[in-house]
Structure formats: C-alpha cells, structure tokens
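Below is data_30.cif, holding mmCIF, C-alpha atoms.
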```
data_query
#
loop_
_atom_site.label_atom_id
_atom_site.label_comp_id
_atom_site.auth_asym_id
_atom_site.auth_seq_id
_atom_site.Cartn_x
_atom_site.Cartn_y
_atom_site.Cartn_z
CA MET A 1 123.93 104.58 87.21
CA ILE A 2 123.08 106.75 90.21
CA ALA A 3 126.64 106.60 91.53
CA LYS A 4 128.25 110.01 92.03
CA ARG A 5 125.02 111.79 91.16
CA ASP A 6 123.71 114.50 93.48
CA VAL A 7 120.47 113.63 95.28
CA ALA A 8 118.40 115.91 97.50
CA VAL A 9 115.79 114.32 99.77
CA ILE A 10 113.09 116.61 101.17
CA GLY A 11 111.87 115.21 104.48
CA GLY A 12 113.66 113.51 107.37
CA GLY A 13 111.06 110.95 108.39
CA PRO A 14 111.33 107.19 107.82
CA ALA A 15 110.59 107.55 104.09
CA GLY A 16 113.22 110.22 103.51
CA LEU A 17 115.97 108.70 105.63
CA THR A 18 115.49 105.20 104.23
CA THR A 19 115.54 106.53 100.68
CA ALA A 20 118.65 108.59 101.44
CA LEU A 21 120.40 105.53 102.84
CA ALA A 22 119.36 103.28 99.95
CA LEU A 23 120.62 105.78 97.36
CA ALA A 24 123.84 106.46 99.25
CA MET A 25 124.52 102.73 99.28
CA GLN A 26 124.33 102.88 95.47
CA GLY A 27 127.07 105.53 95.46
CA ALA A 28 124.96 108.70 95.23
CA SER A 29 125.93 111.89 97.03
CA VAL A 30 122.90 112.56 99.21
CA ARG A 31 121.63 115.47 101.27
CA VAL A 32 118.49 115.31 103.41
CA PHE A 33 116.61 118.56 104.09
CA GLU A 34 114.39 118.53 107.19
CA GLN A 35 112.75 121.76 108.30
CA ALA A 36 112.44 120.62 111.93
CA GLU A 37 115.41 121.32 114.16
CA THR A 38 115.53 117.72 115.37
CA LEU A 39 114.61 114.32 114.02
CA GLY A 40 112.03 112.00 115.59
CA ASP A 41 109.50 114.53 116.77
CA ILE A 42 107.01 112.35 118.63
CA GLY A 43 107.03 109.01 120.39
CA ALA A 44 104.45 107.12 118.40
CA GLY A 45 104.79 103.42 117.72
CA LEU A 46 105.15 101.68 114.38
CA GLN A 47 104.60 98.09 113.34
CA ILE A 48 107.29 96.70 111.03
CA SER A 49 105.76 93.78 109.18
CA PRO A 50 107.94 91.21 107.34
CA ASN A 51 107.86 93.17 104.07
CA GLY A 52 109.21 96.24 105.82
CA GLY A 53 111.70 94.06 107.66
CA ARG A 54 113.05 92.79 104.34
CA ALA A 55 113.52 96.38 103.16
CA LEU A 56 115.61 97.13 106.25
CA ALA A 57 117.48 93.83 105.84
CA ALA A 58 118.42 94.86 102.28
CA LEU A 59 120.03 97.94 103.84
CA GLY A 60 121.95 95.92 106.41
CA LEU A 61 119.80 97.01 109.35
CA SER A 62 118.29 93.75 110.61
CA ASP A 63 120.46 93.55 113.72
CA ALA A 64 119.99 97.24 114.48
CA LEU A 65 116.21 96.84 114.20
CA ASP A 66 116.31 93.84 116.55
CA ARG A 67 118.06 95.97 119.18
CA ILE A 68 115.45 98.74 119.23
CA SER A 69 112.23 96.77 118.77
CA LEU A 70 110.06 94.01 120.19
CA PRO A 71 108.99 90.89 118.27
CA SER A 72 105.24 90.35 117.98
CA GLU A 73 103.70 86.98 118.68
CA ALA A 74 100.12 87.52 117.55
CA VAL A 75 97.24 89.70 116.39
CA VAL A 76 94.33 89.40 118.81
CA PRO A 77 90.91 90.67 117.66
CA THR A 78 88.83 91.47 120.73
CA ASN A 79 85.31 92.70 121.45
CA GLY A 80 85.99 96.11 122.98
CA VAL A 81 82.66 96.24 124.83
CA THR A 82 82.61 92.77 126.41
CA GLY A 83 86.38 92.28 126.56
CA ARG A 84 86.02 88.82 125.03
CA THR A 85 88.88 87.64 122.83
CA VAL A 86 87.40 86.79 119.44
CA THR A 87 90.40 84.81 118.18
CA ARG A 88 94.18 84.86 118.03
CA PHE A 89 96.26 84.84 114.86
CA ASP A 90 99.80 83.62 115.43
CA LEU A 91 102.69 85.61 113.95
CA THR A 92 105.62 83.64 115.28
CA GLY A 93 106.25 81.83 111.99
CA GLN A 94 106.93 85.04 110.08
CA VAL A 95 110.45 85.53 108.70
CA PRO A 96 111.63 88.16 109.33
CA CYS A 97 109.47 88.46 112.40
CA TYR A 98 106.82 91.10 112.85
CA ARG A 99 108.17 93.84 115.16
CA PHE A 100 107.02 96.83 117.23
CA VAL A 101 109.25 99.92 117.34
CA ALA A 102 109.03 103.50 118.56
CA ARG A 103 109.14 105.95 115.67
CA PRO A 104 111.91 108.12 117.23
CA ASP A 105 114.06 105.01 117.72
CA LEU A 106 113.57 103.95 114.10
CA ILE A 107 114.48 107.45 112.91
CA ALA A 108 117.58 107.54 115.12
CA MET A 109 118.66 104.16 113.72
CA LEU A 110 118.17 105.35 110.15
CA ALA A 111 119.93 108.67 110.79
CA GLU A 112 122.96 106.90 112.25
CA ALA A 113 123.13 104.60 109.24
CA CYS A 114 122.81 107.58 106.89
CA ARG A 115 125.64 109.45 108.55
CA ALA A 116 127.81 106.34 108.39
CA ARG A 117 127.24 106.31 104.61
CA GLY A 118 128.16 109.96 104.24
CA VAL A 119 124.64 111.37 103.92
CA GLU A 120 124.48 115.04 104.91
CA LEU A 121 121.54 115.76 107.24
CA CYS A 122 120.50 119.41 106.93
CA LEU A 123 118.22 120.03 109.92
CA GLY A 124 116.23 123.20 110.45
CA THR A 125 116.44 123.74 106.69
CA ARG A 126 113.50 124.25 104.36
CA ALA A 127 114.25 123.32 100.76
CA ASP A 128 111.37 123.76 98.33
CA ASP A 129 113.28 122.77 95.19
CA PRO A 130 116.98 122.22 95.82
CA ARG A 131 119.43 121.81 92.97
CA ALA A 132 120.28 118.17 92.38
CA ASP A 133 120.30 115.52 89.68
CA LEU A 134 117.41 113.91 91.55
CA VAL A 135 115.05 115.48 94.09
CA VAL A 136 113.11 113.03 96.25
CA GLY A 137 109.83 114.24 97.73
CA ALA A 138 109.53 112.47 101.07
CA ASP A 139 107.59 115.40 102.49
CA GLY A 140 104.44 113.61 103.57
CA ILE A 141 100.74 114.23 103.10
CA LYS A 142 101.22 117.94 102.45
CA SER A 143 104.01 117.35 99.95
CA GLN A 144 105.13 120.33 97.90
CA VAL A 145 106.85 117.98 95.46
CA ARG A 146 103.58 116.12 94.91
CA ALA A 147 101.82 119.44 94.26
CA ARG A 148 104.53 120.37 91.76
CA LEU A 149 103.99 117.14 89.85
CA ASN A 150 100.21 116.80 90.14
CA GLY A 151 98.79 120.15 91.16
CA ALA A 152 96.84 120.65 94.35
CA ASP A 153 94.44 117.90 95.38
CA ALA A 154 91.48 118.00 97.75
CA PRO A 155 91.61 115.17 100.28
CA ALA A 156 88.26 113.86 101.46
CA PHE A 157 87.47 113.52 105.16
CA SER A 158 86.98 109.82 105.89
CA GLY A 159 84.39 110.41 108.60
CA GLN A 160 86.88 109.18 111.20
CA VAL A 161 89.25 110.74 113.68
CA ALA A 162 92.03 109.09 115.64
CA TRP A 163 93.75 109.66 118.94
CA ARG A 164 97.34 108.55 119.42
CA ALA A 165 98.93 108.15 122.84
CA LEU A 166 101.52 106.30 124.90
CA VAL A 167 101.12 105.03 128.47
CA GLN A 168 103.44 103.19 130.83
CA ALA A 169 102.19 99.63 131.02
CA GLU A 170 103.36 96.07 130.68
CA ALA A 171 101.63 94.09 127.95
CA PRO A 172 102.15 90.80 126.14
CA PRO A 173 103.98 91.02 122.77
CA GLN A 174 100.90 91.18 120.59
CA ALA A 175 98.75 93.68 118.73
CA ARG A 176 95.25 93.72 120.20
CA ILE A 177 92.41 95.15 118.10
CA TRP A 178 89.53 96.24 120.34
CA MET A 179 86.53 96.34 117.99
CA MET A 180 83.39 98.34 118.88
CA PRO A 181 80.39 99.72 116.97
CA GLY A 182 81.66 102.73 115.03
CA ARG A 183 85.02 102.66 116.81
CA HIS A 184 88.13 100.62 117.46
CA VAL A 185 91.39 100.78 119.40
CA VAL A 186 94.72 99.15 118.57
CA THR A 187 97.21 98.60 121.37
CA TYR A 188 100.68 97.05 121.31
CA PRO A 189 103.81 97.25 123.47
CA LEU A 190 107.00 99.17 122.83
CA PRO A 191 110.40 98.85 124.50
CA GLY A 192 110.57 100.45 127.92
CA ASN A 193 107.25 99.02 129.16
CA ARG A 194 105.25 101.45 127.05
CA LEU A 195 101.93 100.74 125.39
CA ASN A 196 101.13 102.40 122.08
CA ILE A 197 97.47 103.36 121.57
CA VAL A 198 95.60 104.34 118.42
CA ALA A 199 91.88 104.94 119.05
CA VAL A 200 89.59 105.61 116.08
CA GLN A 201 86.03 106.97 116.13
CA GLU A 202 83.54 107.56 113.33
CA ARG A 203 82.04 111.03 113.50
CA ASN A 204 80.73 113.80 111.28
CA ASP A 205 82.74 116.72 112.64
CA TRP A 206 86.26 116.59 111.36
CA ALA A 207 89.60 117.33 112.98
CA ALA A 208 92.64 118.78 111.27
CA GLU A 209 94.97 116.40 109.46
CA GLY A 210 98.31 115.69 111.10
CA TRP A 211 99.59 114.18 114.36
CA HIS A 212 100.25 117.24 116.48
CA HIS A 213 96.80 118.46 117.59
CA ALA A 214 96.47 118.00 121.34
CA ASP A 215 93.06 117.00 122.67
CA THR A 216 91.66 116.53 126.17
CA PRO A 217 91.73 113.07 127.71
CA GLN A 218 88.04 113.46 128.52
CA ALA A 219 87.10 113.80 124.85
CA MET A 220 88.67 110.44 124.11
CA ARG A 221 87.16 108.87 127.21
CA ASP A 222 83.68 110.09 126.26
CA ALA A 223 84.04 108.40 122.87
CA PHE A 224 84.81 105.05 124.55
CA ALA A 225 82.67 105.35 127.67
CA ASP A 226 81.22 101.84 127.20
CA ALA A 227 84.62 100.14 126.84
CA CYS A 228 85.23 96.94 128.78
CA PRO A 229 87.20 97.29 132.05
CA ALA A 230 90.56 96.29 130.52
CA LEU A 231 90.28 98.82 127.70
CA HIS A 232 88.80 101.41 130.07
CA ASP A 233 91.89 101.17 132.29
CA ILE A 234 94.19 101.69 129.32
CA LEU A 235 92.36 104.71 127.92
CA TRP A 236 91.82 106.33 131.32
CA ALA A 237 95.60 106.23 131.88
CA VAL A 238 96.18 108.54 128.90
CA GLU A 239 97.22 112.04 129.93
CA VAL A 240 98.02 113.76 126.62
CA PRO A 241 96.21 112.31 123.57
CA LEU A 242 96.99 113.70 120.14
CA LEU A 243 94.03 113.94 117.78
CA TRP A 244 94.06 113.92 114.01
CA GLY A 245 91.47 113.71 111.29
CA LEU A 246 91.77 110.85 108.84
CA PHE A 247 91.55 111.95 105.22
CA ARG A 248 91.61 109.92 102.03
CA HIS A 249 94.09 111.12 99.43
CA PRO A 250 94.23 109.54 96.00
CA VAL A 251 97.38 107.72 95.02
CA ALA A 252 99.32 110.29 93.01
CA ALA A 253 98.72 110.00 89.29
CA ARG A 254 102.24 111.20 88.55
CA TRP A 255 105.11 110.10 90.78
CA HIS A 256 107.97 111.69 88.88
CA ASP A 257 109.24 113.99 86.18
CA ALA A 258 112.75 114.08 84.75
CA SER A 259 114.39 115.00 88.05
CA HIS A 260 111.78 114.71 90.83
CA VAL A 261 110.22 111.62 92.41
CA LEU A 262 107.83 110.85 95.27
CA VAL A 263 108.14 108.27 98.04
CA GLY A 264 105.99 107.31 101.01
CA ASP A 265 102.97 109.38 102.00
CA ALA A 266 103.84 112.01 99.41
CA ALA A 267 102.94 109.44 96.74
CA HIS A 268 100.35 107.27 98.47
CA PRO A 269 98.93 108.27 101.85
CA THR A 270 97.16 105.38 103.55
CA LEU A 271 94.76 105.18 106.46
CA PRO A 272 96.25 103.46 109.56
CA PHE A 273 94.10 100.32 109.43
CA LEU A 274 96.63 97.86 108.04
CA ALA A 275 99.77 99.24 109.72
CA GLN A 276 101.44 99.66 106.33
CA GLY A 277 102.22 103.36 105.96
CA ALA A 278 105.82 103.06 107.16
CA ASN A 279 106.30 99.65 105.59
CA LEU A 280 105.26 100.84 102.14
CA ALA A 281 107.66 103.78 102.48
CA LEU A 282 110.52 101.42 103.36
CA GLU A 283 109.67 99.35 100.30
CA ASP A 284 109.60 102.48 98.12
CA ALA A 285 113.12 103.40 99.16
CA VAL A 286 114.63 100.05 98.25
CA VAL A 287 112.74 99.73 94.96
CA LEU A 288 113.58 103.29 93.89
CA ALA A 289 117.27 102.81 94.61
CA ARG A 290 117.28 99.50 92.74
CA CYS A 291 115.54 101.00 89.71
CA VAL A 292 117.78 104.03 89.30
CA ALA A 293 120.92 101.99 90.00
CA ARG A 294 120.04 99.51 87.26
CA HIS A 295 118.39 101.78 84.71
CA GLY A 296 119.52 105.31 85.47
CA ILE A 297 117.30 108.23 86.42
CA ALA A 298 115.53 108.68 83.08
CA ALA A 299 114.45 105.04 82.71
CA GLY A 300 114.48 104.11 86.39
CA LEU A 301 111.84 106.56 87.59
CA PRO A 302 109.01 105.31 85.34
CA ARG A 303 110.06 101.75 86.16
CA TYR A 304 109.77 102.57 89.86
CA GLN A 305 106.25 103.95 89.51
CA ALA A 306 105.16 101.01 87.37
CA LEU A 307 106.36 98.58 90.03
CA ARG A 308 104.98 100.41 93.04
CA ALA A 309 101.64 101.94 92.07
CA PRO A 310 99.61 98.69 91.73
CA ARG A 311 100.93 97.32 95.02
CA VAL A 312 100.29 100.43 97.12
CA THR A 313 96.82 100.80 95.57
CA ARG A 314 95.97 97.26 96.68
CA ALA A 315 97.33 97.89 100.18
CA ILE A 316 95.32 101.09 100.56
CA ALA A 317 92.15 99.27 99.49
CA ALA A 318 92.81 96.58 102.10
CA ALA A 319 93.29 99.24 104.79
CA ASP A 320 90.01 100.88 103.81
CA ALA A 321 88.24 97.52 104.13
CA ASN A 322 89.55 97.09 107.68
CA ALA A 323 88.12 100.49 108.59
CA VAL A 324 84.69 99.01 107.91
CA ASN A 325 85.27 95.57 109.42
CA TYR A 326 86.52 96.90 112.76
CA HIS A 327 83.40 99.04 113.32
CA LEU A 328 80.54 96.60 112.76
CA SER A 329 77.58 96.47 115.13
CA GLY A 330 74.60 94.29 116.02
CA VAL A 331 73.89 91.12 114.08
CA THR A 332 76.55 91.95 111.49
CA GLN A 333 79.21 92.24 114.17
CA ARG A 334 78.18 88.99 115.86
CA ALA A 335 78.27 87.11 112.57
CA ALA A 336 81.67 88.56 111.66
CA HIS A 337 83.14 87.71 115.08
CA LEU A 338 81.80 84.16 114.90
CA GLY A 339 83.41 83.83 111.49
CA LEU A 340 86.76 85.09 112.81
CA ALA A 341 86.57 82.70 115.75
CA ALA A 342 85.84 79.76 113.44
CA LEU A 343 88.71 80.77 111.17
CA GLY A 344 91.07 80.90 114.13
CA ARG A 345 90.04 77.42 115.29
CA MET A 346 89.73 75.57 111.99
CA ALA A 347 92.37 77.27 109.83
CA PRO A 348 94.77 79.16 112.10
CA GLY A 349 97.16 79.86 109.25
CA ALA A 350 94.51 81.24 106.92
CA PHE A 351 94.73 84.81 108.22
CA ILE A 352 98.46 85.05 107.51
CA ASN A 353 98.16 83.12 104.24
CA ARG A 354 95.55 85.60 103.04
CA LEU A 355 98.08 88.38 103.59
CA ASP A 356 100.99 86.62 101.93
CA TRP A 357 100.76 89.03 98.98
CA LEU A 358 101.54 91.79 101.49
CA TYR A 359 103.87 90.27 104.07
CA GLY A 360 105.67 87.94 101.65
CA TYR A 361 106.88 90.72 99.35
CA ASP A 362 110.62 91.33 98.98
CA PRO A 363 111.42 94.86 97.72
CA ALA A 364 115.00 93.87 97.00
CA GLY A 365 113.71 91.77 94.12
#
```

Target format structure tokens, applied to this file:
Amino acid sequence: MIAKRDVAVIGGGPAGLTTALALAMQGASVRVFEQAETLGDIGAGLQISPNGGRALAALGLSDALDRISLPSEAVVPTNGVTGRTVTRFDLTGQVPCYRFVARPDLIAMLAEACRARGVELCLGTRADDPRADLVVGADGIKSQVRARLNGADAPAFSGQVAWRALVQAEAPPQARIWMMPGRHVVTYPLPGNRLNIVAVQERNDWAAEGWHHADTPQAMRDAFADACPALHDILWAVEVPLLWGLFRHPVAARWHDASHVLVGDAAHPTLPFLAQGANLALEDAVVLARCVARHGIAAGLPRYQALRAPRVTRAIAAADANAVNYHLSGVTQRAAHLGLAALGRMAPGAFINRLDWLYGYDPAG
C-alpha cells in the first residue's frame, strides 16, 4: 500500500538511508535529500547490537555488515582510576552477533544498497518540505519536520559533555567501560586497527550540541588526569577530539500527520549511554515500512507511533540510568563494583538476560 507512492526522506544519515531502503523495498519511489555535499561526514564508531542487526538482516544486509564490521566478544566494566577489571560480560552467544562499525562505512553500505534499489540520493540539497505522498523527517536532533509537527522544544542540558575521537591502536574485540567518579570512557575497536573513544564528563558549563565542535586535546586530558596508565595512554594519543554537549530532548509527542513522519533522533534523541541511538533508528525504518506497506499511509503512521513510542521511551530511560551508574564514587562505587563482580561470577548470563527486552527484539515482526 506504499508501492508506487512518492516518498521524500530528509536526511542522509543511518536513519534516513535505512528508511529509504526499507520503503524502496516495499515498492515506493524514494528520494533522499541531504544538505551535505557528501555522505558519512565523520569517522565515529557505532555499536550494532542484535536488535539493530535484525533490522539490517530484514533488509538483506547481514553479509554486507559482516564485511565492514568487527564482532564483539564482551562488555568489560573497568575501574578507570585503578585499571582493575570489575567483571566481564560475554556477548559471544548473541545471534546476530554484536558488532562494531565505523559510521562512514555503515553509511556507504546503506547508500550502495539504496542506489541498487533505485533510490535517488540528492546530495548538497536542502529540502524543507518537499512534495511527496510521504515526507520522512530523518533530520536529527534539530529536525525541522519535528518542529513542524510539535512546535519548537527546549532541550535541557544534561550536565554532561562528551569527547569523541579515534586513535590508531590494536585492541581486543570488546567494549570496555572505564568508570570514574563523575566521568567515564567507552573504548572499542574498529576495522583498520582503530580505537573508537567516547569520553564523558559531568560539568556545569555546557558545550554546544552536535558532533563537530573541535576541542583541544589538553582539555580532555585535564578532565581525566587521574586515569590509570592504560586509559592515560589511550587518551593522550588523541590529537583532534570533538566535543559536544549532551542534552535531553523529550520523545516527540506527535510523530506524524497525514503526510509527514519522524524517524530516529528526530523523534526520540537518546543519550549515548546504552549505544542504542543508531539501533533504534534502524528499528524505526523497518517498522515504519512494515506498517505503511500493510496498512497504508493513513492507518500505518499511527500504528507505527503506537508500536515504537513505548519501546524507545524505555530505552531512553535505561540509557539515562547508565549515565548515573557509570559515574559513582566512594562507598557507592565500591558497593556497585562488588555487585557487578559478583554478578559476573555467579550469574554470567544475567547481564544479557536483563537486556533481552532490548537485544531480543525483532523489528521485522
């Protein structure tokens, strides 16, 4: 019921390209409008958890994802001051497996698949409200489509800033969470012997929202001056960190009207403490395409919001909880780390089982 309908997607990131591909596979005629001249602007890493992997599998991209990514074996919570490993949560039993991928590589993979399905990619083109039977707002945290549907909102500064960087380094195939009082760092490898770094600090003075604000390496080093030697070596290898302020946006109250719909960060921005921003966007794409294919645009759009809003709200709440748990100090931190260590020894599968509602989800229905 979306076949042969005209669809315009605003935004050429993972959310927009995946949605374009999913709708094109249902027979829609799709154009993607991206105001940047090129796709895949920066080399940040992404974690594709099993739920996101199922979304890509539904689009026939499992093998392509395998070629551009690394499988993850574990999540390793670590004391960032002492360097002591708190515990290790095994990921090798996940199907599909948890993977690490560079954002530009994921975008290139999606763009190639879109072109193969006849999607027209209009780069260097701003489209505020193109003519189409359906306009998809995949235009991120500053979405104009979201503003059209909901009015302007006022995001609240979370009291945290983050640096993102890449360094050349060999590392085991695992995500390590370096937890420190008021701060944490997540590191994981990417293809090409690169290490992706996201370093988060609590502070009162805010930084602008977005990924493109260059900062000095010394500012990041000062924030983690008491890091253990292993983490110190990683952070001191960074030459060009990008700084962004972390803001909380409410989940959009209204995701659609008769001919417009939101996906990804435009609908539900999430803080990067559960590694689910991209995965939720991939899910959105598959669920939206399924809903409009089965029910048409008029009935499919409210069905899509009804299916997605409760799930993304729960995921965002879980990410917010991690923001607190990673930054504990003193007696509270020691107790929490002892609890994690005991969990890892006595019930090694409990960590993954607790997240089955998240990782076990299949957006293809």

When you look at Asp362 of chain A with a cut-off of 8 Å (counting all atoms listed in the file), what residues show up, excluding the ones that are within fewer than 4 positions of it in the same chain? I need them as a PDB file with C-alpha atoms, in the coordinates of the input.
```pdb
ATOM      1  CA  ASN A  51     107.860  93.170 104.070  1.00  0.00           C
ATOM      2  CA  ARG A  54     113.050  92.790 104.340  1.00  0.00           C
ATOM      3  CA  ALA A  55     113.520  96.380 103.160  1.00  0.00           C
TER       4      ALA A  55
END
```

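Within the file as shown, the PyMOL selection byres ((chain A and resi 197-200) around 7) identifies Gln160, Val161, Ala162, Trp163, Arg164, Ala165, Leu166, Arg183, His184, Val185, Val186, Thr187, Leu195, Asn196, Gln201 and Glu202 of chain A.
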
**OP:** Please write the residues picked by the PyMOL selection byres ((chain A and resi 233-244) around 9) on this file as a ChimeraX atom specification.
**Re:** /A:161-169,195,197,199,206-218,220-221,224,228-232,245-246

List as a short mmCIF file (atom, residue, chain, number, x, y, z; two decimals) with C-alpha atoms, in the coordinates of the input: which residues have an atom within 12 Å of (127.3, 107.1, 106.4), counting all atoms listed in the file?
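Ended up saving to selection12.cif:
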```cif
data_model
loop_
_atom_site.label_atom_id
_atom_site.label_comp_id
_atom_site.auth_asym_id
_atom_site.auth_seq_id
_atom_site.Cartn_x
_atom_site.Cartn_y
_atom_site.Cartn_z
CA LEU A 17 115.97 108.70 105.63
CA ALA A 20 118.65 108.59 101.44
CA LEU A 21 120.40 105.53 102.84
CA ALA A 22 119.36 103.28 99.95
CA LEU A 23 120.62 105.78 97.36
CA ALA A 24 123.84 106.46 99.25
CA MET A 25 124.52 102.73 99.28
CA GLY A 27 127.07 105.53 95.46
CA ALA A 28 124.96 108.70 95.23
CA SER A 29 125.93 111.89 97.03
CA VAL A 30 122.90 112.56 99.21
CA ARG A 31 121.63 115.47 101.27
CA LEU A 59 120.03 97.94 103.84
CA MET A 109 118.66 104.16 113.72
CA LEU A 110 118.17 105.35 110.15
CA ALA A 111 119.93 108.67 110.79
CA GLU A 112 122.96 106.90 112.25
CA ALA A 113 123.13 104.60 109.24
CA CYS A 114 122.81 107.58 106.89
CA ARG A 115 125.64 109.45 108.55
CA ALA A 116 127.81 106.34 108.39
CA ARG A 117 127.24 106.31 104.61
CA GLY A 118 128.16 109.96 104.24
CA VAL A 119 124.64 111.37 103.92
CA GLU A 120 124.48 115.04 104.91
CA LEU A 121 121.54 115.76 107.24
#
```

**OP:** Point out the residue among A:Asp90, A:Asp139, A:Asp105, A:Glu170 with the least atom-to-atom distance to Val9 of chain A, counting all atoms listed in the file.
**Re:** A:Asp139
